[in-house]
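Peer 1: To start, I am sharing the structure in question, which I have written as structure tokens.
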Amino acid sequence: SSVVISGVGLWTPANSISNEELVSSYNAWAEHFNHENHAAIEAGELDAKPLSTAAFIEKASGIKSRYAYSKEGILDIHRMRPLLEVRDDEQVSHQAEMAISAAKKALIAANKTAADIDMVIVSCAYTQRSYPAIAIEVQAALGIEGFGFDMLVACSAATFGLERAVDAIKCGTSKGVLVISPELTSPQVNYMDRDSHFIFGDVATAVVVESSESCQSAHAFDVVSTKCVTAYSNNIRSNFGYTSRTTDQDPYAADMLFHQNGRKVFKEVCPMAADHIETHLHSNGIQVAELKRWWLHQANINMNLLISKRLLGRDATLEEAPIVLDEYANTASAGSIIAFAKHHEDLAAGDIGVICSFGAGYSIGSLILRKR
Ligand code: CO8
């Protein structure tokens, strides 16, 4: 028997924000800031806020729009952050709600019910609280017996979670695993930072992992191999955490939110990801040219083009390396799974593809899949 990915679920928020909407709100905020701080800017005590453009965003990143779990507040120049309603402890939490929606879709795709699952991993870039785990809340809501836990690996949370699931099936401790990535990124986006205000979107994905023996899915993939690696870097960072209120720092300070040295990330991560994929394929006796599909992390279209070009010696076609970030933006760890969710049913038995994430940490995770 083999370990298979038998179903994937994608939950997309109802609200989207176009580059034009986002830029117009950011620019109105920046102009307001510059007007309010006119004297200090003139005196050289403060830098004026530069204006953003939709054309730059699309050219530099490939992003045209992003989804928002709560659009309210993000575009309000007197707020510049989403507004989430407070829910009491008896209500389902925001992130669990996203996770449950994606998980239900994954179960249907895999032709499974809660009774077939005994492990729930909620793996994403942030969890809205430390405990009880979001995964345990999801487990209870879906009526799953067994156990669940949360794990955080930034952009590689989904692939690292999938590796844990594959290992659990392989060694027989679990019969069916849900790996869910409710990526609620918008609360950590600094909508007042021109360099990063456009990068992220909200989404949730879920994947069912089980043994080929129990698989009843029409679109299952054997997991040929998994490979995870991390290498410490400060180039992508968020400093907000549970100790923040004890250090008396401003919780709205820029370094409390997502911030990065984007150029360095681009330069360092592209070769790392390309080498990772090549080494992983070769150690399994697979040549790059044999890959039918690349489900790559969706951070920046130029990154994806560069990585596939480095390995193929030519540009990958959109059919080979599908792009979803034009519509979804960077959704942290969910990006490669969205690409997989939208672009896997057309593959034929025996076709090989690779899911690969890369990002903060740095962290890189890949799964080589073969269509059953
Ligand atoms: N509008 C107009 N001009 C702009 C804007 C803007 N919005 N932003 C920057 N500019 C200007 C700059 O000021 C600069 O001007 P100048 O040349 O005069 O200095 C010029 O445009 C070029 O700026 P950059 O060098 O910053 O632009 P790049 O071409 O490098 O593009 C990118 C910027 C798009 C950020 C690019 O560097 C990039 O995508 N790098 C890869 C980074 C990456 O992959 N990051 C992903 C990390 S996040 C992640 O993986 C998950 C983390 C966990 C989730 C977090 C959730 C919140």
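Here's how to read the names in the structure tokens: chain A, B, ... by the order shown, residue numbers from 1 in each chain, ligand numbers from 1 in the order shown.
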As a quick test: using only C-alpha atoms and all ligand atoms, which residues lie no more than 6 Å away from ligand 1? Give them as a PyMOL selection string.
Peer 2: chain A and resi 52-53+56-57+60-61+125+154-155+185+188-189+194-195+258+262-263+265-266+299-300+332+359-360
Peer 1: For the selection just defined, write its residues with N, CA and C atoms to a file, as a PDB file, in the first residue's frame.
Peer 2:
ATOM      1  N   SER A  52       1.495  54.656  -3.596  1.00  0.00           N
ATOM      2  CA  SER A  52       1.541  53.318  -4.197  1.00  0.00           C
ATOM      3  C   SER A  52       0.854  53.370  -5.557  1.00  0.00           C
ATOM      4  N   THR A  53       1.170  52.405  -6.422  1.00  0.00           N
ATOM      5  CA  THR A  53       0.450  52.334  -7.703  1.00  0.00           C
ATOM      6  C   THR A  53       0.066  50.889  -8.005  1.00  0.00           C
ATOM      7  N   PHE A  56       2.591  49.211 -10.422  1.00  0.00           N
ATOM      8  CA  PHE A  56       3.786  48.638  -9.788  1.00  0.00           C
ATOM      9  C   PHE A  56       3.461  47.271  -9.191  1.00  0.00           C
ATOM     10  N   ILE A  57       2.356  47.214  -8.479  1.00  0.00           N
ATOM     11  CA  ILE A  57       2.006  45.978  -7.777  1.00  0.00           C
ATOM     12  C   ILE A  57       1.880  44.813  -8.751  1.00  0.00           C
ATOM     13  N   ALA A  60       5.447  44.049 -10.291  1.00  0.00           N
ATOM     14  CA  ALA A  60       6.455  43.507  -9.365  1.00  0.00           C
ATOM     15  C   ALA A  60       6.043  42.157  -8.785  1.00  0.00           C
ATOM     16  N   SER A  61       4.723  41.887  -8.736  1.00  0.00           N
ATOM     17  CA  SER A  61       4.295  40.677  -8.028  1.00  0.00           C
ATOM     18  C   SER A  61       3.376  39.762  -8.827  1.00  0.00           C
ATOM     19  N   ALA A 125       0.287  29.991   9.096  1.00  0.00           N
ATOM     20  CA  ALA A 125       1.304  30.977   9.483  1.00  0.00           C
ATOM     21  C   ALA A 125       1.037  31.579  10.865  1.00  0.00           C
ATOM     22  N   ALA A 154       4.940  29.222   9.025  1.00  0.00           N
ATOM     23  CA  ALA A 154       4.814  30.303   8.041  1.00  0.00           C
ATOM     24  C   ALA A 154       4.388  29.748   6.686  1.00  0.00           C
ATOM     25  N   CYS A 155       5.117  30.114   5.645  1.00  0.00           N
ATOM     26  CA  CYS A 155       4.716  29.763   4.271  1.00  0.00           C
ATOM     27  C   CYS A 155       4.777  28.279   3.980  1.00  0.00           C
ATOM     28  N   THR A 185      -4.438  35.923   7.064  1.00  0.00           N
ATOM     29  CA  THR A 185      -3.223  36.747   7.066  1.00  0.00           C
ATOM     30  C   THR A 185      -3.514  38.231   7.299  1.00  0.00           C
ATOM     31  N   GLN A 188      -2.353  40.576  10.111  1.00  0.00           N
ATOM     32  CA  GLN A 188      -0.909  40.811  10.270  1.00  0.00           C
ATOM     33  C   GLN A 188      -0.330  41.657   9.145  1.00  0.00           C
ATOM     34  N   VAL A 189      -1.178  42.101   8.224  1.00  0.00           N
ATOM     35  CA  VAL A 189      -0.676  42.920   7.120  1.00  0.00           C
ATOM     36  C   VAL A 189      -0.624  44.378   7.563  1.00  0.00           C
ATOM     37  N   ARG A 194       3.726  50.829   2.107  1.00  0.00           N
ATOM     38  CA  ARG A 194       3.584  50.737   0.660  1.00  0.00           C
ATOM     39  C   ARG A 194       4.240  49.490   0.089  1.00  0.00           C
ATOM     40  N   ASP A 195       5.367  49.069   0.688  1.00  0.00           N
ATOM     41  CA  ASP A 195       6.097  47.939   0.118  1.00  0.00           C
ATOM     42  C   ASP A 195       5.399  46.594   0.325  1.00  0.00           C
ATOM     43  N   PHE A 258       3.856  41.806   9.696  1.00  0.00           N
ATOM     44  CA  PHE A 258       4.699  41.231   8.650  1.00  0.00           C
ATOM     45  C   PHE A 258       5.608  42.315   8.079  1.00  0.00           C
ATOM     46  N   GLY A 262      12.296  42.288   0.845  1.00  0.00           N
ATOM     47  CA  GLY A 262      11.755  41.545  -0.300  1.00  0.00           C
ATOM     48  C   GLY A 262      12.788  41.192  -1.351  1.00  0.00           C
ATOM     49  N   ARG A 263      13.680  42.136  -1.630  1.00  0.00           N
ATOM     50  CA  ARG A 263      14.722  41.891  -2.636  1.00  0.00           C
ATOM     51  C   ARG A 263      15.626  40.731  -2.237  1.00  0.00           C
ATOM     52  N   VAL A 265      14.964  38.377  -0.065  1.00  0.00           N
ATOM     53  CA  VAL A 265      14.190  37.129  -0.052  1.00  0.00           C
ATOM     54  C   VAL A 265      14.156  36.552  -1.456  1.00  0.00           C
ATOM     55  N   PHE A 266      13.838  37.423  -2.395  1.00  0.00           N
ATOM     56  CA  PHE A 266      13.763  37.002  -3.790  1.00  0.00           C
ATOM     57  C   PHE A 266      15.074  36.336  -4.224  1.00  0.00           C
ATOM     58  N   ALA A 299       3.928  33.409  -4.073  1.00  0.00           N
ATOM     59  CA  ALA A 299       4.315  34.667  -3.433  1.00  0.00           C
ATOM     60  C   ALA A 299       4.485  35.748  -4.482  1.00  0.00           C
ATOM     61  N   ASN A 300       5.059  35.371  -5.606  1.00  0.00           N
ATOM     62  CA  ASN A 300       5.425  36.373  -6.593  1.00  0.00           C
ATOM     63  C   ASN A 300       5.608  35.664  -7.930  1.00  0.00           C
ATOM     64  N   ALA A 332       0.182  32.866   2.229  1.00  0.00           N
ATOM     65  CA  ALA A 332       1.104  32.130   3.103  1.00  0.00           C
ATOM     66  C   ALA A 332       1.156  30.665   2.655  1.00  0.00           C
ATOM     67  N   GLY A 359       9.457  30.084   1.861  1.00  0.00           N
ATOM     68  CA  GLY A 359       9.169  31.383   2.468  1.00  0.00           C
ATOM     69  C   GLY A 359       9.818  31.545   3.826  1.00  0.00           C
ATOM     70  N   ALA A 360       9.091  32.271   4.683  1.00  0.00           N
ATOM     71  CA  ALA A 360       9.643  32.710   5.959  1.00  0.00           C
ATOM     72  C   ALA A 360      10.230  31.550   6.750  1.00  0.00           C
TER      73      ALA A 360
END
Peer 1: For region 339-344 of chain A, work out the shell of residues within 12 Å, counting only C-alpha atoms and skipping chain neighbours fewer than 4 positions away, then give it as number ranges by chain.
Peer 2: A: 5-12, 102, 105-106, 109, 159, 204-208, 218-221, 292-298, 318-331, 333-335, 348-349, 351-357, 367, 369-372
Peer 1: Residues of region 75-290 of chain A classed as strand (DSSP E) by DSSP on the backbone are to be reported as a ChimeraX atom specification.
Peer 2: /A:119-124,147-152,176-183,203-211,221-230,236-237,259-260
Peer 1: Would you kindly return, as a PyMOL selection string, each protein, DNA or RNA residue with an atom no farther than 8 Å from any atom of region 68-77 of chain A, considering only C-alpha atoms and excluding same-chain residues fewer than 3 positions away?
Peer 2: chain A and resi 13-17+21-22+25-26+28-29+80-84+184+186+191+201-203
Peer 1: Give the helix (DSSP H, G or I) residues of region 71-263 of chain A, as DSSP finds them on the backbone, and put them as a PyMOL selection string.
Peer 2: chain A and resi 94-110+114-116+134-142+154-170+186-188+244-246+254-256+262-263
Peer 1: Store the residues picked out above, limited to C-alpha atoms, as an mmCIF file, in the first residue's frame.
Peer 2:
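Writing done, so here's selection.cif:
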data_model
loop_
_atom_site.group_PDB
_atom_site.id
_atom_site.type_symbol
_atom_site.label_atom_id
_atom_site.label_comp_id
_atom_site.auth_asym_id
_atom_site.auth_seq_id
_atom_site.Cartn_x
_atom_site.Cartn_y
_atom_site.Cartn_z
ATOM 1 C CA HIS A 94 -12.993 32.874 13.100
ATOM 2 C CA GLN A 95 -10.135 30.628 12.102
ATOM 3 C CA ALA A 96 -11.966 27.424 13.015
ATOM 4 C CA GLU A 97 -14.878 28.590 10.862
ATOM 5 C CA MET A 98 -12.576 28.999 7.865
ATOM 6 C CA ALA A 99 -10.923 25.650 8.586
ATOM 7 C CA ILE A 100 -14.229 23.784 8.944
ATOM 8 C CA SER A 101 -15.478 25.116 5.588
ATOM 9 C CA ALA A 102 -12.353 23.915 3.775
ATOM 10 C CA ALA A 103 -12.277 20.587 5.655
ATOM 11 C CA LYS A 104 -15.871 19.734 4.681
ATOM 12 C CA LYS A 105 -15.003 20.278 1.025
ATOM 13 C CA ALA A 106 -11.879 18.113 1.299
ATOM 14 C CA LEU A 107 -13.876 15.279 2.902
ATOM 15 C CA ILE A 108 -16.428 15.384 0.078
ATOM 16 C CA ALA A 109 -13.650 15.399 -2.546
ATOM 17 C CA ALA A 110 -12.033 12.374 -0.874
ATOM 18 C CA ALA A 114 -15.520 12.326 9.848
ATOM 19 C CA ALA A 115 -15.440 8.639 10.881
ATOM 20 C CA ASP A 116 -12.584 8.024 8.441
ATOM 21 C CA ILE A 134 -7.851 25.497 16.667
ATOM 22 C CA ALA A 135 -7.415 21.906 15.440
ATOM 23 C CA ILE A 136 -9.211 20.532 18.497
ATOM 24 C CA GLU A 137 -12.063 22.995 17.987
ATOM 25 C CA VAL A 138 -12.323 21.852 14.361
ATOM 26 C CA GLN A 139 -12.102 18.210 15.409
ATOM 27 C CA ALA A 140 -15.038 18.691 17.795
ATOM 28 C CA ALA A 141 -17.121 20.624 15.274
ATOM 29 C CA LEU A 142 -16.679 17.894 12.666
ATOM 30 C CA ALA A 154 4.814 30.303 8.041
ATOM 31 C CA CYS A 155 4.716 29.763 4.271
ATOM 32 C CA SER A 156 5.615 26.110 4.530
ATOM 33 C CA ALA A 157 3.030 25.200 7.150
ATOM 34 C CA ALA A 158 0.872 23.230 4.709
ATOM 35 C CA THR A 159 3.706 21.168 3.219
ATOM 36 C CA PHE A 160 5.316 20.526 6.608
ATOM 37 C CA GLY A 161 1.889 19.508 7.966
ATOM 38 C CA LEU A 162 1.411 17.188 5.006
ATOM 39 C CA GLU A 163 4.744 15.542 5.729
ATOM 40 C CA ARG A 164 3.606 14.882 9.315
ATOM 41 C CA ALA A 165 0.377 13.380 7.935
ATOM 42 C CA VAL A 166 2.181 11.202 5.402
ATOM 43 C CA ASP A 167 4.500 9.871 8.120
ATOM 44 C CA ALA A 168 1.562 9.128 10.431
ATOM 45 C CA ILE A 169 -0.182 7.074 7.729
ATOM 46 C CA LYS A 170 3.078 5.400 6.728
ATOM 47 C CA SER A 186 -4.994 40.133 6.905
ATOM 48 C CA PRO A 187 -4.721 40.930 10.653
ATOM 49 C CA GLN A 188 -0.909 40.811 10.270
ATOM 50 C CA SER A 244 4.374 41.570 23.395
ATOM 51 C CA ARG A 245 2.285 43.125 26.154
ATOM 52 C CA THR A 246 5.091 42.642 28.661
ATOM 53 C CA ALA A 254 5.725 48.138 11.922
ATOM 54 C CA ASP A 255 8.007 45.404 13.243
ATOM 55 C CA MET A 256 5.085 43.794 15.095
ATOM 56 C CA GLY A 262 11.755 41.545 -0.300
ATOM 57 C CA ARG A 263 14.722 41.891 -2.636
#
Peer 1: Work out how far CA of Lys49 (chain A) is from CA of Glu268 (chain A), in Å to one decimal.
Peer 2: 28.4 Å
Peer 1: For a quick check of understanding, using only C-alpha atoms, which of A:Lys59, A:Arg237, A:Arg129, A:His276 has the smallest distance to Phe358 (chain A)?
Peer 2: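 Once distances to Phe358 (chain A) are computed over only C-alpha atoms, the minimum belongs to A:His276.
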Peer 1: Quick one: of A:Ala289, A:Asp118, A:Asp150, A:Cys270, who's nearest to Ile301 (chain A), counting only C-alpha atoms?
Peer 2: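 Among A:Ala289, A:Asp118, A:Asp150, A:Cys270, it is A:Cys270 that comes nearest to Ile301 (chain A).
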Peer 1: With distances taken over only C-alpha atoms, which residue among A:Ser217, A:Lys267, A:Val179, A:Leu46 lies nearest Asn111 (chain A)?
Peer 2: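 So, comparing all the options, the nearest one is A:Ser217.
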Peer 1: Quick one: pull the distance between CA of Leu178 (chain A) and CA of Ile117 (chain A), Å, one decimal.
Peer 2: 6.9 Å
Peer 1: So which residues touch Tyr126 (chain A) within 7 Å, counting only C-alpha atoms, skipping near sequence neighbours fewer than 2 positions away, as a ChimeraX atom specification?
Peer 2: /A:124,128,152
Peer 1: For the atom pair CA of Asn284 (chain A) and CA of Val269 (chain A), what is the interatomic distance in Å to one decimal place?
Peer 2: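 Rounded to one decimal, the two atoms are 22.6 Å apart.
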Peer 1: So, with only C-alpha atoms as the atoms that count, which of A:Ser211, A:Asn304, A:Thr230, A:Asn261 lies closest to Ser196 (chain A)?
Peer 2: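 For Ser196 (chain A), the nearest of the candidates is A:Asn261.
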